[in-house]
Amino acid sequence: MTVSYNWLQSYFKSPLPRPENLAEILTMHSFEVESVEKKGNDYVLNIDVLPDRAGDCLSHLGIARELSALLDKKMTVPSFKLKENKEKIKDYLSVKVESKDCLRYTARVMTNVKVKPSPKWLKERLNACGQNSINNVVDATNYIMLETGQPLHAFDYEKTGKEIIVRKAKKGEKLLTLSDKEYVLDENVLLIADSKKALALAGIKGGKSAEITEKTETIVLESANFNHKLISQTARRLNLRTDASIRFENNIDPNLTEEAIDRVAALISDLSGAEIVSGKIDAYKEKLKPWAIKLKTSDVGRLIGVDISKTEITKILGKLGFGVKIAGEILTVKVPTFRQDVTIPEGVIEEVGRVYGYNKVPLNLPCFSEPALRNDDIFWQNRTKDYMKELGFVESYNYSFIGDEEEAVFGLKGMEISNPVSNYYKYLRTTAIPQMAKTVKENSKFFKELKVFELGKVFFPEEKMVLSGAVLGGSFASVKGSLNELFDKLGVEKISFSSIANDKIWHSKKTAEIKIKGKTVGYAGHLSSDLIDILGMEDAVFFEIDFDQLQKQCSENKEYKQISYHPPALRDISGIVPEEIKVEEAAEAIRNSSNSLLKSVEVFDVYKGKGIPSDKKSISFHLTYQSDEKTLDAKTIDGMVSDLLNKLKQTINWEERK
Amino acid sequence: MDFSELKNNAEKELERIADSKELKEFSDKYLGKKGEIRKFFSFVKDLALEEKKVLGREINEFASLLEEKVLEMQKEMKKAEKEKTEEKVDISAPGKIVETGHLHPITQVMREVEYIFERLGFSVVEGPEVEDEWHNFDSLNIPEGHPARDALSLGKTFYLKNGKLLRSQTSSAQVRYMKKMKPPIKIVIPGRVYRYETTDASHEINFYQIEGFYVDENVTVANLKAVLQKFLELFFKRKVEIRLRPSYFPFVEPGFEVDMRCEVCGGEGCSACKRTGWVEILGAGMVHPNVIKNGGLDPKKYKGFAFGMGIDRPTMMKYKINDIRLFHSGNLKFLKQF
């Protein structure tokens, strides 16, 4: 709301504080003043009146009323003289309200109007408030709206006919507004009409069909009140928010129409010498009356945290226009109808608090109650992120959305957004792999090697956390090694990597299914060759793990393993096995066929080719034997190895190479 | 031969030795198998027993002294010669790059914020990102037809085809936790939120918030002020001055905007604080009785405060990041700086 300083001053006999000080006072007690600008010999305050106070403070009188309370200054509202002629309004006009969404409709008729430019003072006032001057009649309605907060409208009587009807639009009904824009309406839109045609979008914008022109001599003035919810929704749906609709949206006082229409009629009469037809039409079925709110005087201090005396409470509320009665501890507050935002005791307390001043409220830390509880989810998320960082990964954040292209290329089916910002953000992601691939592709222009991860939500459709990542310039084995290290640090046991069947995303020969205790929790490997081709990117290794599953297996338990001070004995074995035996299977067979003296099994060579039958491969292992009690002698070790080789021959067809 | 002469000669020669080669020659000459000292022993052999005893001891003492000296000199010379040949490290050459991991700047700031609130006794909890309309709006006293509902739902909220929506603020979890916990409820809810925006350097469709929520029998504005001031001091690691001014959010009454004295100008007014001397840092208020009721508690008995703070902006301020879109860019040149 743009407010003129001079206009505010006109309501007070004694001078107001300087504009900057006035702005500071309003900001601290009422609404934020976003700027103060000098405009000619006036100052313009840009005040951010929020929806709760838009009902009474999108007006100079409303702001002046605030100031009167805040500054403890008496304000005087200028009086006006209303001179009616001898004609009767019922000979001119009748009003039929057909919809409950019109709470009140007040109308007057004026004759002998001379439409002409406005005088200088009026132009200046409007100009200061950012309004263009149009003609004296339209300017007068705008001026009174800026003064009282009541939107007003003037129709050319020659064009309206004798009956005004407030009704819902018919489906497909059209209306051309004053700004020459045509709207096609439906049954949800409230209209001002005559018996033949639509005249205006109620509470939003006037229509071209009854526009005031230089030829206009007789006018109908409208001062009405409409259902604020309906106006809010219609204005947003039509994308047509106006000075009028913004006021109606926020519950202005229906009791305001009468005063406003009289003021505007008197002003038009002054400006153009027009006559005011005697009487007014006022369709107002359910009159809004002040309501009472009861609370204890101690409730104020209980919520604000500082004692404010009964005298002070009474004084503050009184200045704001509330009726106050105190009987013992009980405070009965009568709320004026222009304050429809105040409906509960807390609303009354807020009024007292803000005028009293929140800066006067002391600081008081709450007493210690219970220690904060550890959140296991966040604890393991943090641990995981830290371990990934230790493993050299860079954390990235991606949007929760993916677009048509990813859905098509990766064959995904995410939940669709009804109102996406664009086709790039049309679905909720079911996996972060497409975004990881994009990250690799984009960054590969600058980095030969990279390791990234994200720990974030996917929607499958149920919301779950996944740990996703990509490594460029590393092998499957390096990713497997990183993940194994992560699992070990998280205390997750019984991990296995097994082959996968054909898949649209993953390369069936270069990808492992990651299992914990036999249950699949994720995948690690290369993308399918088709995908790599379509994406036109370098081959990288990706992984994605269901973090909710993984977290269930995380454990902080760790047990110290006895350190042996006896020297380890190393033996290498090298053998030929059938091709289908996997390296991990062979290692597992070695472990299963050995006793606890075998401390580690490490593969150092896998070979196929010359010298090896085509359906076989050669594998070589480093074996480490160590005892906690004694130094092992060569004879014992050789015995164990030959025993092992015999067993391997039977289990995995191992032929030792000499 | 006279022993004292031998002793004299040896001592004089020893003083003149300059390098390890000469030392070796000296050692051979005196201490070697066919050296002077051995030779002297063969001469002693023929002396009378008593004389032999005295002189023998003297020679032995001298020989071990000499040996000790030679060893010491050898050590020193070796050290000196090694130092001479050792290559000098070029300490001005650039350090070798070590590839380490990095955490996202939002992760780092969010953790710090969570950590401070935990120290102040607030448990960290999380809420769902896909919400229903009731939790996102109605439970927060933003019913259908309310202008704030229209402002949020018609233009700013993402809806799913299945009727659910993406939470537009972390406040949507308030009522869930009131139903789950018993007062005193003292929680913070961090997380990702969603707004329909045309993205630019300062607007994003995904961003981050932390919600603070405290419900107990006697919670006051004075408590809210103290907690926020304490938090901001711990976060900015300096004294801060805050002010509460009236504002409006449907789920609180009274509602506040919390400003902090501008750090850039110290309150004088500069471009960073739009010449006001104050920077808007978060929104807050006393929990609306309807919200307490929606959480299944008696609003006459229980009061509370709530506040919501964006994380993106303080992160941008902290690291002087000028474009919010970098957070979701996946750009390693950006991410590797943190």
# chains A, B, ... in the order shown; residues from 1 in each chain; ligands from 1
>>> residues_around(residues="Pro613 of chain A", least_positions_apart="4", cutoff="10 Å", atoms="only C-alpha atoms", output="VMD selection string")
chain A and resid 576 to 579 608 to 609 617 to 618
>>> interface_residues(of="chain B", to="chain A", cutoff="8 Å", atoms="only C-alpha atoms", output="number ranges by chain")
B: 99-104, 118-119, 121-125, 128-130, 145-148, 150, 154, 158-161, 184, 186, 196-198, 206, 218-227, 243-248, 253-254, 288, 303, 327-332, 335-336
>>> write_last_selection(atoms="C-alpha atoms", output="short mmCIF file (atom, residue, chain, number, x, y, z; two decimals), in the first residue's frame")
data_model
loop_
_atom_site.label_atom_id
_atom_site.label_comp_id
_atom_site.auth_asym_id
_atom_site.auth_seq_id
_atom_site.Cartn_x
_atom_site.Cartn_y
_atom_site.Cartn_z
CA GLU B 99 42.11 -35.85 -3.83
CA THR B 100 39.79 -35.81 -0.84
CA GLY B 101 36.03 -35.95 -0.47
CA HIS B 102 33.77 -32.97 0.14
CA LEU B 103 30.44 -32.42 1.86
CA HIS B 104 27.82 -30.20 0.25
CA GLU B 118 20.56 -30.01 20.07
CA ARG B 119 22.76 -28.24 22.57
CA GLY B 121 17.73 -29.14 24.10
CA PHE B 122 15.84 -29.46 20.79
CA SER B 123 15.58 -32.97 19.33
CA VAL B 124 16.07 -33.19 15.57
CA VAL B 125 13.22 -34.94 13.77
CA PRO B 128 7.77 -36.51 4.88
CA GLU B 129 8.35 -34.49 1.71
CA VAL B 130 5.22 -35.81 0.01
CA GLY B 145 -10.63 -20.27 0.98
CA HIS B 146 -8.13 -18.56 3.28
CA PRO B 147 -6.20 -15.96 1.27
CA ALA B 148 -2.91 -17.47 2.49
CA ASP B 150 -4.95 -19.41 -2.14
CA LEU B 154 -2.75 -21.81 -6.36
CA PHE B 158 3.41 -28.54 -6.46
CA TYR B 159 0.54 -31.01 -6.63
CA LEU B 160 0.84 -34.64 -7.61
CA LYS B 161 -1.62 -36.32 -9.94
CA PRO B 184 7.31 -30.61 26.65
CA LYS B 186 11.04 -29.33 21.90
CA TYR B 196 6.69 -23.38 -7.57
CA GLU B 197 9.07 -20.65 -8.72
CA THR B 198 10.57 -19.30 -11.86
CA ASN B 206 13.97 -27.07 -4.09
CA ASN B 218 4.08 -21.87 29.86
CA VAL B 219 5.91 -20.88 26.71
CA THR B 220 6.27 -17.15 26.11
CA VAL B 221 7.46 -14.59 23.62
CA ALA B 222 10.30 -13.94 26.09
CA ASN B 223 11.36 -17.61 25.68
CA LEU B 224 11.24 -17.31 21.90
CA LYS B 225 13.37 -14.17 21.93
CA ALA B 226 15.97 -15.76 24.20
CA VAL B 227 16.23 -19.01 22.22
CA ARG B 243 14.36 -7.39 17.03
CA LEU B 244 10.85 -8.81 16.69
CA ARG B 245 8.34 -6.94 14.64
CA PRO B 246 4.72 -7.85 14.01
CA SER B 247 4.06 -10.07 11.05
CA TYR B 248 1.47 -12.54 9.93
CA GLU B 253 -0.70 -15.63 16.76
CA PRO B 254 1.02 -13.32 17.44
CA HIS B 288 -1.97 -20.69 17.01
CA LYS B 303 1.27 -22.72 24.61
CA PHE B 327 23.42 -25.92 -4.99
CA HIS B 328 21.71 -28.40 -7.31
CA SER B 329 24.06 -27.99 -10.27
CA GLY B 330 26.23 -31.05 -9.55
CA ASN B 331 29.11 -28.86 -10.69
CA LEU B 332 32.27 -30.29 -9.14
CA LEU B 335 31.23 -28.66 -4.80
CA LYS B 336 34.98 -29.23 -4.41
#
>>> residues_around(residues="segment 307-323 of chain B", least_positions_apart="3", cutoff="9 Å", atoms="only C-alpha atoms", output="JSON, numbers by chain")
{"B": [105, 106, 108, 109, 110, 113, 169, 170, 171, 200, 201, 202, 203, 207, 208, 209, 210, 211, 212, 213, 224, 228, 281, 282, 283, 284, 285, 286, 326, 327]}
>>> atom_distance(atom1="atom CA of Ala501 of chain A", atom2="atom CA of Asp548 of chain A")
24.1 Å
>>> select_by_dssp(residues="segment 544-650 of chain A", states="alpha helix (DSSP H)", output="number ranges by chain")
A: 547-552, 583-592, 634-650
>>> residues_around(residues="Glu133 of chain B", least_positions_apart="5", cutoff="9 Å", atoms="only C-alpha atoms", output="PDB file with N, CA and C atoms, in the first residue's frame")
ATOM      1  N   ASP B 138      -4.400 -27.262   6.183  1.00  0.00           N
ATOM      2  CA  ASP B 138      -5.485 -27.217   7.177  1.00  0.00           C
ATOM      3  C   ASP B 138      -4.950 -27.317   8.605  1.00  0.00           C
ATOM      4  N   SER B 139      -4.038 -28.264   8.857  1.00  0.00           N
ATOM      5  CA  SER B 139      -3.539 -28.464  10.220  1.00  0.00           C
ATOM      6  C   SER B 139      -2.846 -27.199  10.720  1.00  0.00           C
ATOM      7  N   GLY B 163      -3.245 -36.355  -6.013  1.00  0.00           N
ATOM      8  CA  GLY B 163      -3.925 -35.508  -5.041  1.00  0.00           C
ATOM      9  C   GLY B 163      -3.049 -35.058  -3.890  1.00  0.00           C
ATOM     10  N   LYS B 164      -1.903 -35.728  -3.711  1.00  0.00           N
ATOM     11  CA  LYS B 164      -1.000 -35.290  -2.649  1.00  0.00           C
ATOM     12  C   LYS B 164      -0.209 -34.074  -3.139  1.00  0.00           C
ATOM     13  N   LEU B 165       0.657 -33.556  -2.287  1.00  0.00           N
ATOM     14  CA  LEU B 165       1.447 -32.397  -2.704  1.00  0.00           C
ATOM     15  C   LEU B 165       2.839 -32.486  -2.113  1.00  0.00           C
ATOM     16  N   ARG B 167       5.563 -30.744   0.198  1.00  0.00           N
ATOM     17  CA  ARG B 167       5.436 -29.777   1.286  1.00  0.00           C
ATOM     18  C   ARG B 167       6.042 -28.426   0.920  1.00  0.00           C
TER      19      ARG B 167
END
>>> residues_around(residues="segment 551-564 of chain A", least_positions_apart="4", cutoff="8 Å", atoms="only C-alpha atoms", output="PyMOL selection string")
chain A and resi 377+380+490-493+547+626-629
>>> write_last_selection(atoms="N, CA and C atoms", output="compact mmCIF listing (two decimals), in the first residue's frame")
# COMPACT_ATOMS: atom_id res chain seq x y z
N ASP A 377 18.19 -41.92 12.51
CA ASP A 377 18.21 -41.74 11.06
C ASP A 377 19.28 -40.72 10.69
N TRP A 380 22.94 -41.96 11.34
CA TRP A 380 23.54 -42.83 10.32
C TRP A 380 23.71 -42.13 8.98
N LEU A 490 30.21 -49.00 8.75
CA LEU A 490 28.86 -48.87 9.28
C LEU A 490 28.47 -50.09 10.12
N GLY A 491 29.39 -51.04 10.19
CA GLY A 491 29.11 -52.24 11.00
C GLY A 491 28.13 -53.18 10.33
N VAL A 492 28.01 -53.08 8.99
CA VAL A 492 27.08 -53.96 8.27
C VAL A 492 27.82 -55.24 7.89
N GLU A 493 27.20 -56.37 8.19
CA GLU A 493 27.85 -57.65 7.92
C GLU A 493 27.06 -58.46 6.91
N PHE A 547 18.88 -46.95 1.24
CA PHE A 547 19.51 -46.60 2.52
C PHE A 547 18.65 -46.99 3.72
N GLN A 626 48.81 -67.49 10.28
CA GLN A 626 49.40 -66.92 11.49
C GLN A 626 48.72 -67.50 12.72
N SER A 627 49.52 -67.74 13.74
CA SER A 627 48.97 -68.26 15.00
C SER A 627 49.11 -67.20 16.07
N ASP A 628 48.18 -67.17 16.99
CA ASP A 628 48.26 -66.23 18.11
C ASP A 628 49.22 -66.73 19.18
N GLU A 629 49.48 -68.06 19.19
CA GLU A 629 50.27 -68.63 20.29
C GLU A 629 51.72 -68.88 19.98
>>> select_by_dssp(residues="segment 29-195 of chain B", states="strand (DSSP E)", output="NGL selection string")
:B and (123-124 or 130-131 or 165-166 or 185-194)
>>> residues_around(residues="Glu513 of chain A", least_positions_apart="6", cutoff="7 Å", atoms="only C-alpha atoms", output="PDB file with N, CA and C atoms, in the first residue's frame")
ATOM      1  N   PHE A 497      27.936 -59.867  -3.252  1.00  0.00           N
ATOM      2  CA  PHE A 497      27.725 -59.278  -4.575  1.00  0.00           C
ATOM      3  C   PHE A 497      27.399 -60.431  -5.513  1.00  0.00           C
ATOM      4  N   SER A 498      26.253 -60.370  -6.198  1.00  0.00           N
ATOM      5  CA  SER A 498      25.957 -61.463  -7.127  1.00  0.00           C
ATOM      6  C   SER A 498      25.516 -60.918  -8.481  1.00  0.00           C
ATOM      7  N   SER A 499      25.581 -61.808  -9.475  1.00  0.00           N
ATOM      8  CA  SER A 499      25.278 -61.392 -10.853  1.00  0.00           C
ATOM      9  C   SER A 499      23.814 -61.024 -11.016  1.00  0.00           C
ATOM     10  N   ILE A 500      23.540 -60.226 -12.054  1.00  0.00           N
ATOM     11  CA  ILE A 500      22.147 -59.847 -12.296  1.00  0.00           C
ATOM     12  C   ILE A 500      21.694 -60.382 -13.653  1.00  0.00           C
ATOM     13  N   THR A 520      18.316 -58.250  -1.347  1.00  0.00           N
ATOM     14  CA  THR A 520      18.858 -57.253  -2.264  1.00  0.00           C
ATOM     15  C   THR A 520      18.649 -55.840  -1.710  1.00  0.00           C
ATOM     16  N   GLY A 522      20.637 -53.153  -3.329  1.00  0.00           N
ATOM     17  CA  GLY A 522      21.053 -52.182  -4.322  1.00  0.00           C
ATOM     18  C   GLY A 522      21.879 -52.807  -5.430  1.00  0.00           C
ATOM     19  N   TYR A 523      22.418 -51.924  -6.273  1.00  0.00           N
ATOM     20  CA  TYR A 523      23.196 -52.357  -7.432  1.00  0.00           C
ATOM     21  C   TYR A 523      24.456 -51.536  -7.544  1.00  0.00           C
ATOM     22  N   ALA A 524      25.500 -52.168  -8.099  1.00  0.00           N
ATOM     23  CA  ALA A 524      26.711 -51.430  -8.409  1.00  0.00           C
ATOM     24  C   ALA A 524      27.243 -51.969  -9.712  1.00  0.00           C
TER      25      ALA A 524
END
>>> atom_distance(atom1="atom CA of Lys649 of chain A", atom2="atom CA of Ala569 of chain A")
22.9 Å
>>> residues_around(residues="segment 54-60 of chain A", least_positions_apart="5", cutoff="7 Å", atoms="only C-alpha atoms", output="VMD selection string")
chain A and resid 1 3 8 49 146 to 149 247 250 to 253 338 to 339
>>> atom_distance(atom1="atom CA of Pro151 of chain A", atom2="atom CA of Ala244 of chain A")
5.2 Å
>>> closest_residue(among="A:Leu93, A:Ile330, A:Val466, A:Leu82", to="Asp282 of chain A", atoms="only C-alpha atoms")
A:Leu93
